[in-house]
Amino acid sequence: MSHSKSEPKKLFIKTYGCQMNVYDSERMLEALGGQGYVETQSPDDADMILLNTCHIREKAAEKVYSELGRFRHLKEEKPDLKIGVAGCVAQAEGREIMRRQPLVDLVVGPQSYHRLPELEAKAGRGVKALETDFPEEDKFEKLVSRPKAKRGPTAFLTVQEGCDKFCAFCVVPYTRGAEVSRPAQRVLAEARDLVERGVREITLLGQNVNAYHGHEQGLAGIIRDLAKIDGLERIRFTTSHPNDMDDALIAAHGEVEKLMPYLHLPVQAGSDRILKRMNRQHTAESYLKVVERLRAARPDLHLSGDFIVGFPEETEEDFQATLDLVEAVQYGSAYSFKYSERPGTPAAERAQVSESEKDDRLQRLQALLVRQQRALQDAMVGREVGVLFEKPGRQPGQMGGKSDYLHAVHVMAKGLSVGDLRRVRILESGANSLRGELV
């Protein structure tokens with residue numbers, strides 16, 4: 001099926017996993033926009049389907065294969081349809097994907113997606129295209145020209161990729177590679193461009209974002225420079241490692257007004273024995289000390305965390321230490337998972353905890369985390385917070401947005417627009433959101 005100039009080709013992207021993949025998908029769309037593609041929300045009318053995959057969740061690769069299987073009939077009906085797999089599963093098992101799923105035309109790892117246009121052209125000539133090297137050139141540099149479309153009020157901005165920590169449960173060092181930081185001037189230029197297009201809040205992304213070293217003063221330095229940009233009202237960052245929470249970054253939480261009082265600081269477990277087996281390179285005590293210093297700098301800081309229960313060799317006593325740590329911290333929100341084996345990681349080789357034990361521990365941990373989350377949310381009632389409005393609510397005249405602390409907040413008010421940042425008094429705490437009124 002040939003395309004006239006007046007008829008753009010359609011690209012369907014399905015994004016799995018982390019915010020960095022969301023950012024990467026936006027950039028892939030831009031890279032292919034230059035080849036005449038526009039985005040479609042349905043695979044059925046697409047000329048190209050791209051799955052931007054994540055290797056973190058359980059059975060990640062299997063989900064990709066079953067999704068690809070669903071596209072077989074589309075390919076039969078439209079032989080010119082291109083099907084591509086991008087992201088971390090592509091990086092980890094590119095050749096295997098090509099072997100197992102002959103309908104895949106191109107496979108591209110997260111470090112190579114600036115090469116998508118040439119891979120797409122190759123696939124157009126009927127040549128299978130596989131690109132999973134860690135290239136020398138900076139992919140962000142190769143993708144300089146973004147179309148100047150209006151943006152919503154919030155945006156992700158990748159500043160750091162890859163990780164050198166090698167936690168025993170994690171595939172990131174193998175799929176995203178070693179830690180790389182983008183130079184500060186490039187980050188600031190992209191931030192200014194986003195603000196010009198209507199963005200008021202930027203979340204800096206990195207697999208290990210506080211190890212950022214593209215600025216001589218590290219992440220704190222780039223945050224202070226971003227805070228000087230007129231029109232940028234809020235700054236956040238994710239995901240951090242406790243060992244890289246340096247003095248300057250802790251101080252920034254107390255001194256930079258635009259840096260929001262919400263921090264995602266994963267700990268994974270509360271038992272030093274398990275932390276050591278995870279190769280986390282910190283102890284429960286050193287993590288609690290960091291939390292204490294952060295709260296001294298910013299007393300109203302809301303913390304969120306990540307937890308893995310049922311890590312190989314975890315005993316009931318080890319698990320109890322995790323519950324104790326959670327009690328000590330009081331989290332505003334958290335993500336908790338049962339350990340699942342990642343082939344190729346050191347932890348997969350060890351004595352595993354039974355599924356029933358994992359289930360039981362996860363339920364107990366989640367019950368405690370939900371209690372803490374509700375308590376902190378309920379404590380917002382009667383307080384005034386800043387809310388950045390992002391979209392109309394479900395009811396007519398209602399607008400929804402996020403508070404400084406990342407709570408979802410709904411307000412009934414006339415004359416509110418997307419992108420407005422207003423003071424709101426919280427009236428009521430619901431299951432997962434707050435209701436308020438304009439001050």
# chains A, B, ... in the order shown; residues from 1 in each chain; ligands from 1
call {"tool": "residues_around", "arguments": {"residues": "Glu285 (chain A)", "least_positions_apart": "4", "cutoff": "12 Å", "atoms": "only C-alpha atoms", "output": "ChimeraX atom specification"}}
result
/A:242,267,269-272,275,281,289-292,321-322,324-325,328-329
call {"tool": "write_last_selection", "arguments": {"atoms": "C-alpha atoms", "output": "PDB file, in the first residue's frame"}}
result
ATOM      1  CA  PRO A 242      20.029   6.369  49.088  1.00  0.00           C
ATOM      2  CA  VAL A 267      14.995   0.962  50.156  1.00  0.00           C
ATOM      3  CA  ALA A 269      14.148  -4.199  52.499  1.00  0.00           C
ATOM      4  CA  GLY A 270      14.763  -3.450  56.181  1.00  0.00           C
ATOM      5  CA  SER A 271      17.047  -6.353  57.026  1.00  0.00           C
ATOM      6  CA  ASP A 272      20.781  -5.682  56.717  1.00  0.00           C
ATOM      7  CA  LEU A 275      20.212  -5.713  51.870  1.00  0.00           C
ATOM      8  CA  GLN A 281      25.417  -1.149  49.489  1.00  0.00           C
ATOM      9  CA  LYS A 289      19.857   8.570  58.717  1.00  0.00           C
ATOM     10  CA  VAL A 290      19.390   9.938  55.181  1.00  0.00           C
ATOM     11  CA  VAL A 291      15.623  10.194  55.802  1.00  0.00           C
ATOM     12  CA  GLU A 292      16.257  12.003  59.086  1.00  0.00           C
ATOM     13  CA  ALA A 321      12.860  -5.798  60.035  1.00  0.00           C
ATOM     14  CA  THR A 322      11.232  -4.406  56.869  1.00  0.00           C
ATOM     15  CA  ASP A 324       9.993  -2.020  61.510  1.00  0.00           C
ATOM     16  CA  LEU A 325      11.686   0.242  58.972  1.00  0.00           C
ATOM     17  CA  ALA A 328      10.006   4.228  61.468  1.00  0.00           C
ATOM     18  CA  VAL A 329       9.741   6.129  58.152  1.00  0.00           C
TER      19      VAL A 329
END
call {"tool": "residues_around", "arguments": {"residues": "region 100-104 of chain A", "least_positions_apart": "2", "cutoff": "9 Å", "atoms": "only C-alpha atoms", "output": "PDB file with all heavy atoms, in the first residue's frame"}}
result
ATOM      1  N   TYR A  65       5.765 -11.493  23.683  1.00  0.00           N
ATOM      2  CA  TYR A  65       5.497 -12.513  22.660  1.00  0.00           C
ATOM      3  C   TYR A  65       3.995 -12.707  22.450  1.00  0.00           C
ATOM      4  O   TYR A  65       3.533 -12.860  21.322  1.00  0.00           O
ATOM      5  CB  TYR A  65       6.156 -13.844  23.020  1.00  0.00           C
ATOM      6  CG  TYR A  65       7.664 -13.801  22.875  1.00  0.00           C
ATOM      7  CD1 TYR A  65       8.509 -14.004  23.966  1.00  0.00           C
ATOM      8  CD2 TYR A  65       8.253 -13.538  21.630  1.00  0.00           C
ATOM      9  CE1 TYR A  65       9.887 -13.939  23.830  1.00  0.00           C
ATOM     10  CE2 TYR A  65       9.636 -13.473  21.493  1.00  0.00           C
ATOM     11  CZ  TYR A  65      10.448 -13.681  22.596  1.00  0.00           C
ATOM     12  OH  TYR A  65      11.813 -13.609  22.449  1.00  0.00           O
ATOM     13  N   LEU A  68       2.699  -9.791  20.475  1.00  0.00           N
ATOM     14  CA  LEU A  68       3.092  -9.915  19.064  1.00  0.00           C
ATOM     15  C   LEU A  68       2.198 -10.922  18.342  1.00  0.00           C
ATOM     16  O   LEU A  68       1.800 -10.710  17.196  1.00  0.00           O
ATOM     17  CB  LEU A  68       4.562 -10.338  18.953  1.00  0.00           C
ATOM     18  CG  LEU A  68       5.598  -9.270  19.309  1.00  0.00           C
ATOM     19  CD1 LEU A  68       6.984  -9.882  19.436  1.00  0.00           C
ATOM     20  CD2 LEU A  68       5.616  -8.140  18.290  1.00  0.00           C
ATOM     21  N   GLY A  69       1.863 -12.007  19.055  1.00  0.00           N
ATOM     22  CA  GLY A  69       0.991 -13.033  18.475  1.00  0.00           C
ATOM     23  C   GLY A  69      -0.351 -12.456  18.045  1.00  0.00           C
ATOM     24  O   GLY A  69      -0.928 -12.853  17.032  1.00  0.00           O
ATOM     25  N   PHE A  71      -0.869  -9.650  16.819  1.00  0.00           N
ATOM     26  CA  PHE A  71      -0.760  -8.824  15.610  1.00  0.00           C
ATOM     27  C   PHE A  71      -0.621  -9.661  14.340  1.00  0.00           C
ATOM     28  O   PHE A  71      -0.550  -9.118  13.245  1.00  0.00           O
ATOM     29  CB  PHE A  71       0.441  -7.867  15.719  1.00  0.00           C
ATOM     30  CG  PHE A  71       0.321  -6.884  16.852  1.00  0.00           C
ATOM     31  CD1 PHE A  71       1.437  -6.534  17.611  1.00  0.00           C
ATOM     32  CD2 PHE A  71      -0.896  -6.302  17.165  1.00  0.00           C
ATOM     33  CE1 PHE A  71       1.334  -5.619  18.667  1.00  0.00           C
ATOM     34  CE2 PHE A  71      -1.016  -5.386  18.217  1.00  0.00           C
ATOM     35  CZ  PHE A  71       0.103  -5.052  18.955  1.00  0.00           C
ATOM     36  N   ARG A  72      -0.571 -10.992  14.502  1.00  0.00           N
ATOM     37  CA  ARG A  72      -0.318 -11.845  13.331  1.00  0.00           C
ATOM     38  C   ARG A  72      -1.367 -11.611  12.234  1.00  0.00           C
ATOM     39  O   ARG A  72      -1.046 -11.460  11.071  1.00  0.00           O
ATOM     40  CB  ARG A  72      -0.281 -13.317  13.744  1.00  0.00           C
ATOM     41  CG  ARG A  72       0.206 -14.228  12.620  1.00  0.00           C
ATOM     42  CD  ARG A  72       0.443 -15.642  13.069  1.00  0.00           C
ATOM     43  NE  ARG A  72       1.624 -15.742  13.926  1.00  0.00           N
ATOM     44  CZ  ARG A  72       1.603 -16.208  15.175  1.00  0.00           C
ATOM     45  NH1 ARG A  72       0.471 -16.599  15.713  1.00  0.00           N
ATOM     46  NH2 ARG A  72       2.699 -16.270  15.880  1.00  0.00           N
ATOM     47  N   LYS A  75      -0.857  -8.491  10.213  1.00  0.00           N
ATOM     48  CA  LYS A  75       0.250  -8.620   9.248  1.00  0.00           C
ATOM     49  C   LYS A  75      -0.219  -9.414   8.027  1.00  0.00           C
ATOM     50  O   LYS A  75       0.187  -9.124   6.896  1.00  0.00           O
ATOM     51  CB  LYS A  75       1.430  -9.314   9.943  1.00  0.00           C
ATOM     52  CG  LYS A  75       2.703  -9.357   9.138  1.00  0.00           C
ATOM     53  CD  LYS A  75       3.614  -8.204   9.471  1.00  0.00           C
ATOM     54  CE  LYS A  75       5.009  -8.464   8.944  1.00  0.00           C
ATOM     55  NZ  LYS A  75       5.927  -7.367   9.162  1.00  0.00           N
ATOM     56  N   LYS A  82       4.780  -2.767   9.296  1.00  0.00           N
ATOM     57  CA  LYS A  82       6.069  -3.007   9.971  1.00  0.00           C
ATOM     58  C   LYS A  82       5.804  -3.225  11.461  1.00  0.00           C
ATOM     59  O   LYS A  82       5.038  -2.474  12.062  1.00  0.00           O
ATOM     60  CB  LYS A  82       6.991  -1.791   9.859  1.00  0.00           C
ATOM     61  CG  LYS A  82       7.116  -1.193   8.502  1.00  0.00           C
ATOM     62  CD  LYS A  82       8.226  -1.836   7.723  1.00  0.00           C
ATOM     63  CE  LYS A  82       8.380  -1.133   6.393  1.00  0.00           C
ATOM     64  NZ  LYS A  82       7.134  -1.097   5.620  1.00  0.00           N
ATOM     65  N   ILE A  83       6.468  -4.211  12.033  1.00  0.00           N
ATOM     66  CA  ILE A  83       6.328  -4.457  13.473  1.00  0.00           C
ATOM     67  C   ILE A  83       7.712  -4.394  14.115  1.00  0.00           C
ATOM     68  O   ILE A  83       8.650  -5.055  13.658  1.00  0.00           O
ATOM     69  CB  ILE A  83       5.642  -5.813  13.749  1.00  0.00           C
ATOM     70  CG1 ILE A  83       4.207  -5.765  13.193  1.00  0.00           C
ATOM     71  CG2 ILE A  83       5.634  -6.124  15.249  1.00  0.00           C
ATOM     72  CD1 ILE A  83       3.407  -7.013  13.389  1.00  0.00           C
ATOM     73  N   GLY A  84       7.824  -3.558  15.143  1.00  0.00           N
ATOM     74  CA  GLY A  84       9.114  -3.381  15.803  1.00  0.00           C
ATOM     75  C   GLY A  84       9.019  -3.575  17.303  1.00  0.00           C
ATOM     76  O   GLY A  84       7.977  -3.321  17.907  1.00  0.00           O
ATOM     77  N   VAL A  85      10.120  -4.035  17.899  1.00  0.00           N
ATOM     78  CA  VAL A  85      10.206  -4.154  19.361  1.00  0.00           C
ATOM     79  C   VAL A  85      11.363  -3.277  19.813  1.00  0.00           C
ATOM     80  O   VAL A  85      12.476  -3.385  19.299  1.00  0.00           O
ATOM     81  CB  VAL A  85      10.438  -5.620  19.793  1.00  0.00           C
ATOM     82  CG1 VAL A  85      10.511  -5.719  21.319  1.00  0.00           C
ATOM     83  CG2 VAL A  85       9.320  -6.524  19.275  1.00  0.00           C
ATOM     84  N   ARG A  95      18.010 -10.995  19.402  1.00  0.00           N
ATOM     85  CA  ARG A  95      18.103 -12.076  18.406  1.00  0.00           C
ATOM     86  C   ARG A  95      17.032 -13.124  18.650  1.00  0.00           C
ATOM     87  O   ARG A  95      16.436 -13.669  17.709  1.00  0.00           O
ATOM     88  CB  ARG A  95      19.486 -12.727  18.448  1.00  0.00           C
ATOM     89  CG  ARG A  95      20.527 -11.809  17.911  1.00  0.00           C
ATOM     90  CD  ARG A  95      21.884 -12.432  17.709  1.00  0.00           C
ATOM     91  NE  ARG A  95      22.844 -11.364  17.459  1.00  0.00           N
ATOM     92  CZ  ARG A  95      22.896 -10.662  16.340  1.00  0.00           C
ATOM     93  NH1 ARG A  95      22.049 -10.901  15.365  1.00  0.00           N
ATOM     94  NH2 ARG A  95      23.787  -9.694  16.188  1.00  0.00           N
ATOM     95  N   GLU A  96      16.780 -13.396  19.920  1.00  0.00           N
ATOM     96  CA  GLU A  96      15.775 -14.402  20.295  1.00  0.00           C
ATOM     97  C   GLU A  96      14.378 -13.969  19.817  1.00  0.00           C
ATOM     98  O   GLU A  96      13.586 -14.789  19.348  1.00  0.00           O
ATOM     99  CB  GLU A  96      15.814 -14.562  21.823  1.00  0.00           C
ATOM    100  CG  GLU A  96      14.808 -15.507  22.424  1.00  0.00           C
ATOM    101  CD  GLU A  96      14.999 -16.970  22.027  1.00  0.00           C
ATOM    102  OE1 GLU A  96      15.962 -17.289  21.301  1.00  0.00           O
ATOM    103  OE2 GLU A  96      14.161 -17.786  22.435  1.00  0.00           O
ATOM    104  N   ILE A  97      14.089 -12.652  19.924  1.00  0.00           N
ATOM    105  CA  ILE A  97      12.785 -12.138  19.455  1.00  0.00           C
ATOM    106  C   ILE A  97      12.651 -12.386  17.953  1.00  0.00           C
ATOM    107  O   ILE A  97      11.635 -12.886  17.474  1.00  0.00           O
ATOM    108  CB  ILE A  97      12.647 -10.620  19.762  1.00  0.00           C
ATOM    109  CG1 ILE A  97      12.567 -10.383  21.272  1.00  0.00           C
ATOM    110  CG2 ILE A  97      11.408 -10.036  19.082  1.00  0.00           C
ATOM    111  CD1 ILE A  97      12.715  -8.933  21.699  1.00  0.00           C
ATOM    112  N   MET A  98      13.706 -12.049  17.216  1.00  0.00           N
ATOM    113  CA  MET A  98      13.706 -12.256  15.760  1.00  0.00           C
ATOM    114  C   MET A  98      13.480 -13.738  15.421  1.00  0.00           C
ATOM    115  O   MET A  98      12.772 -14.073  14.480  1.00  0.00           O
ATOM    116  CB  MET A  98      15.051 -11.819  15.164  1.00  0.00           C
ATOM    117  CG  MET A  98      15.249 -10.315  15.155  1.00  0.00           C
ATOM    118  SD  MET A  98      14.429  -9.596  13.737  1.00  0.00           S
ATOM    119  CE  MET A  98      15.127  -7.978  13.625  1.00  0.00           C
ATOM    120  N   LEU A 106      11.871  -5.179  12.950  1.00  0.00           N
ATOM    121  CA  LEU A 106      13.025  -4.477  13.496  1.00  0.00           C
ATOM    122  C   LEU A 106      13.026  -4.529  15.025  1.00  0.00           C
ATOM    123  O   LEU A 106      11.976  -4.556  15.670  1.00  0.00           O
ATOM    124  CB  LEU A 106      13.075  -3.028  13.000  1.00  0.00           C
ATOM    125  CG  LEU A 106      11.939  -2.075  13.338  1.00  0.00           C
ATOM    126  CD1 LEU A 106      12.390  -1.102  14.408  1.00  0.00           C
ATOM    127  CD2 LEU A 106      11.536  -1.294  12.093  1.00  0.00           C
ATOM    128  N   VAL A 107      14.242  -4.572  15.573  1.00  0.00           N
ATOM    129  CA  VAL A 107      14.441  -4.627  17.019  1.00  0.00           C
ATOM    130  C   VAL A 107      15.463  -3.553  17.368  1.00  0.00           C
ATOM    131  O   VAL A 107      16.529  -3.488  16.751  1.00  0.00           O
ATOM    132  CB  VAL A 107      14.967  -6.021  17.455  1.00  0.00           C
ATOM    133  CG1 VAL A 107      15.346  -6.014  18.930  1.00  0.00           C
ATOM    134  CG2 VAL A 107      13.913  -7.100  17.199  1.00  0.00           C
ATOM    135  N   LYS A 128      15.579  -7.408   7.577  1.00  0.00           N
ATOM    136  CA  LYS A 128      15.378  -7.414   9.033  1.00  0.00           C
ATOM    137  C   LYS A 128      16.443  -6.524   9.682  1.00  0.00           C
ATOM    138  O   LYS A 128      17.616  -6.587   9.296  1.00  0.00           O
ATOM    139  CB  LYS A 128      15.521  -8.830   9.592  1.00  0.00           C
ATOM    140  CG  LYS A 128      14.477  -9.790   9.041  1.00  0.00           C
ATOM    141  CD  LYS A 128      13.317  -9.922   9.988  1.00  0.00           C
ATOM    142  CE  LYS A 128      12.267 -10.857   9.414  1.00  0.00           C
ATOM    143  NZ  LYS A 128      11.072 -10.927  10.229  1.00  0.00           N
TER     144      LYS A 128
END
call {"tool": "closest_residue", "arguments": {"among": "A:Gly386, A:Arg125, A:Arg151, A:Asn208", "to": "Glu26 (chain A)", "atoms": "only C-alpha atoms"}}
result
A:Arg151
call {"tool": "atom_distance", "arguments": {"atom1": "CA of Ala297 (chain A)", "atom2": "CA of His213 (chain A)"}}
result
22.5 Å
call {"tool": "closest_residue", "arguments": {"among": "A:Ser403, A:Gln377, A:Gln19, A:Gln398", "to": "Gly430 (chain A)", "atoms": "only C-alpha atoms"}}
result
A:Gln377
call {"tool": "residues_around", "arguments": {"residues": "Leu232 (chain A)", "least_positions_apart": "2", "cutoff": "6 Å", "atoms": "only C-alpha atoms", "output": "list in words"}}
result
Arg200, Ile229 and Asp230 of chain A
call {"tool": "write_last_selection", "arguments": {"atoms": "N, CA and C atoms", "output": "PDB file, in the first residue's frame"}}
result
ATOM      1  N   ARG A 200       4.833  23.429  32.899  1.00  0.00           N
ATOM      2  CA  ARG A 200       5.086  24.175  34.148  1.00  0.00           C
ATOM      3  C   ARG A 200       5.756  23.314  35.213  1.00  0.00           C
ATOM      4  N   ILE A 229      14.626  29.220  35.683  1.00  0.00           N
ATOM      5  CA  ILE A 229      13.882  29.375  34.422  1.00  0.00           C
ATOM      6  C   ILE A 229      12.498  29.947  34.712  1.00  0.00           C
ATOM      7  N   ASP A 230      12.198  31.120  34.149  1.00  0.00           N
ATOM      8  CA  ASP A 230      10.877  31.735  34.330  1.00  0.00           C
ATOM      9  C   ASP A 230       9.820  30.856  33.693  1.00  0.00           C
TER      10      ASP A 230
END
call {"tool": "closest_residue", "arguments": {"among": "A:Ala379, A:Val89, A:Val387, A:Ile49", "to": "Lys63 (chain A)", "atoms": "only C-alpha atoms"}}
result
A:Val89
call {"tool": "residues_around", "arguments": {"residues": "Ser340 (chain A)", "least_positions_apart": "6", "cutoff": "12 Å", "atoms": "only C-alpha atoms", "output": "ChimeraX atom specification"}}
result
/A:55-60,168-170,308-312,347-350,352-355,358-359
call {"tool": "write_last_selection", "arguments": {"atoms": "N, CA, C and O atoms", "output": "mmCIF file, in the first residue's frame"}}
result
data_model
loop_
_atom_site.group_PDB
_atom_site.id
_atom_site.type_symbol
_atom_site.label_atom_id
_atom_site.label_comp_id
_atom_site.auth_asym_id
_atom_site.auth_seq_id
_atom_site.Cartn_x
_atom_site.Cartn_y
_atom_site.Cartn_z
ATOM 1 N N HIS A 55 11.742 -4.681 31.044
ATOM 2 C CA HIS A 55 12.215 -6.008 31.459
ATOM 3 C C HIS A 55 12.029 -6.245 32.959
ATOM 4 O O HIS A 55 12.426 -7.268 33.492
ATOM 5 N N ILE A 56 11.413 -5.283 33.645
ATOM 6 C CA ILE A 56 11.411 -5.345 35.112
ATOM 7 C C ILE A 56 10.319 -6.272 35.646
ATOM 8 O O ILE A 56 10.541 -7.069 36.541
ATOM 9 N N ARG A 57 9.107 -6.152 35.116
ATOM 10 C CA ARG A 57 8.001 -6.937 35.665
ATOM 11 C C ARG A 57 8.139 -8.414 35.329
ATOM 12 O O ARG A 57 8.797 -8.801 34.373
ATOM 13 N N GLU A 58 7.431 -9.224 36.089
ATOM 14 C CA GLU A 58 7.476 -10.669 35.896
ATOM 15 C C GLU A 58 6.956 -11.062 34.516
ATOM 16 O O GLU A 58 6.024 -10.457 33.998
ATOM 17 N N LYS A 59 7.586 -12.066 33.937
ATOM 18 C CA LYS A 59 7.168 -12.600 32.628
ATOM 19 C C LYS A 59 7.093 -11.505 31.556
ATOM 20 O O LYS A 59 6.270 -11.559 30.646
ATOM 21 N N ALA A 60 7.971 -10.506 31.692
ATOM 22 C CA ALA A 60 7.935 -9.361 30.769
ATOM 23 C C ALA A 60 8.072 -9.819 29.319
ATOM 24 O O ALA A 60 7.315 -9.403 28.445
ATOM 25 N N ALA A 168 21.330 -7.189 43.103
ATOM 26 C CA ALA A 168 21.297 -8.597 42.686
ATOM 27 C C ALA A 168 19.990 -9.018 42.017
ATOM 28 O O ALA A 168 19.910 -10.074 41.409
ATOM 29 N N PHE A 169 18.936 -8.185 42.136
ATOM 30 C CA PHE A 169 17.627 -8.566 41.581
ATOM 31 C C PHE A 169 17.340 -7.873 40.258
ATOM 32 O O PHE A 169 16.287 -8.063 39.664
ATOM 33 N N CYS A 170 18.254 -7.008 39.773
ATOM 34 C CA CYS A 170 17.891 -6.024 38.754
ATOM 35 C C CYS A 170 18.615 -6.236 37.428
ATOM 36 O O CYS A 170 19.801 -6.554 37.406
ATOM 37 N N ILE A 308 10.748 -5.039 48.023
ATOM 38 C CA ILE A 308 10.670 -6.392 47.461
ATOM 39 C C ILE A 308 10.527 -7.347 48.639
ATOM 40 O O ILE A 308 11.367 -7.332 49.553
ATOM 41 N N VAL A 309 9.455 -8.135 48.643
ATOM 42 C CA VAL A 309 9.315 -9.134 49.713
ATOM 43 C C VAL A 309 9.607 -10.519 49.140
ATOM 44 O O VAL A 309 9.439 -10.760 47.947
ATOM 45 N N GLY A 310 10.043 -11.417 50.045
ATOM 46 C CA GLY A 310 10.316 -12.785 49.622
ATOM 47 C C GLY A 310 11.562 -12.904 48.766
ATOM 48 O O GLY A 310 11.670 -13.789 47.918
ATOM 49 N N PHE A 311 12.534 -11.991 48.988
ATOM 50 C CA PHE A 311 13.817 -12.125 48.301
ATOM 51 C C PHE A 311 14.447 -13.455 48.723
ATOM 52 O O PHE A 311 14.219 -13.910 49.849
ATOM 53 N N PRO A 312 15.212 -14.112 47.849
ATOM 54 C CA PRO A 312 15.801 -15.403 48.227
ATOM 55 C C PRO A 312 16.440 -15.371 49.624
ATOM 56 O O PRO A 312 17.124 -14.400 49.963
ATOM 57 N N ALA A 347 20.569 -13.171 41.959
ATOM 58 C CA ALA A 347 19.589 -13.655 42.939
ATOM 59 C C ALA A 347 18.791 -14.852 42.423
ATOM 60 O O ALA A 347 18.237 -15.625 43.199
ATOM 61 N N ALA A 348 18.726 -14.992 41.100
ATOM 62 C CA ALA A 348 17.925 -16.082 40.520
ATOM 63 C C ALA A 348 18.515 -17.451 40.859
ATOM 64 O O ALA A 348 17.817 -18.468 40.823
ATOM 65 N N GLU A 349 19.806 -17.459 41.203
ATOM 66 C CA GLU A 349 20.490 -18.742 41.464
ATOM 67 C C GLU A 349 20.303 -19.238 42.906
ATOM 68 O O GLU A 349 20.772 -20.300 43.261
ATOM 69 N N ARG A 350 19.649 -18.436 43.767
ATOM 70 C CA ARG A 350 19.657 -18.755 45.203
ATOM 71 C C ARG A 350 18.381 -19.446 45.664
ATOM 72 O O ARG A 350 17.397 -19.510 44.936
ATOM 73 N N GLN A 352 14.952 -20.068 46.898
ATOM 74 C CA GLN A 352 13.791 -19.185 46.772
ATOM 75 C C GLN A 352 12.808 -19.384 47.937
ATOM 76 O O GLN A 352 12.679 -20.465 48.484
ATOM 77 N N VAL A 353 12.097 -18.312 48.275
ATOM 78 C CA VAL A 353 11.041 -18.345 49.304
ATOM 79 C C VAL A 353 9.764 -18.856 48.629
ATOM 80 O O VAL A 353 9.509 -18.546 47.466
ATOM 81 N N SER A 354 8.959 -19.643 49.355
ATOM 82 C CA SER A 354 7.754 -20.218 48.732
ATOM 83 C C SER A 354 6.751 -19.123 48.355
ATOM 84 O O SER A 354 6.695 -18.070 48.994
ATOM 85 N N GLU A 355 5.956 -19.411 47.318
ATOM 86 C CA GLU A 355 4.967 -18.434 46.830
ATOM 87 C C GLU A 355 3.979 -18.047 47.926
ATOM 88 O O GLU A 355 3.612 -16.880 48.062
ATOM 89 N N LYS A 358 5.542 -15.639 50.245
ATOM 90 C CA LYS A 358 5.650 -14.321 49.597
ATOM 91 C C LYS A 358 4.301 -13.600 49.627
ATOM 92 O O LYS A 358 4.233 -12.412 49.935
ATOM 93 N N ASP A 359 3.239 -14.334 49.280
ATOM 94 C CA ASP A 359 1.886 -13.731 49.257
ATOM 95 C C ASP A 359 1.516 -13.185 50.621
ATOM 96 O O ASP A 359 1.031 -12.064 50.753
#
call {"tool": "closest_residue", "arguments": {"among": "A:Ala191, A:Val22, A:Leu205, A:Ala211", "to": "Glu179 (chain A)", "atoms": "only C-alpha atoms"}}
result
A:Ala211
call {"tool": "select_by_dssp", "arguments": {"residues": "region 115-295 of chain A", "states": "strand (DSSP E or B)", "output": "list in words"}}
result
Ala129, Leu130, Glu131, Thr154, Ala155, Phe156, Leu157, Thr158, Val159, Gln160, Glu161, Val180, Ser181, Glu201, Ile202, Thr203, Leu204, Leu205, Gly206, Arg234, Ile235, Arg236, Phe237, Thr238, Leu259, Tyr262, Leu263, His264 and Gln268 of chain A
call {"tool": "closest_residue", "arguments": {"among": "A:Met278, A:His407, A:Pro396, A:Gly214", "to": "Met260 (chain A)", "atoms": "only C-alpha atoms"}}
result
A:His407
call {"tool": "residues_around", "arguments": {"residues": "region 31-39 of chain A", "least_positions_apart": "5", "cutoff": "7 Å", "atoms": "only C-alpha atoms", "output": "PyMOL selection string"}}
result
chain A and resi 8-12+114+116-117+143
call {"tool": "select_by_dssp", "arguments": {"residues": "region 145-229 of chain A", "states": "alpha helix (DSSP H)", "output": "ChimeraX atom specification"}}
result
/A:172-175,184-196,218-226
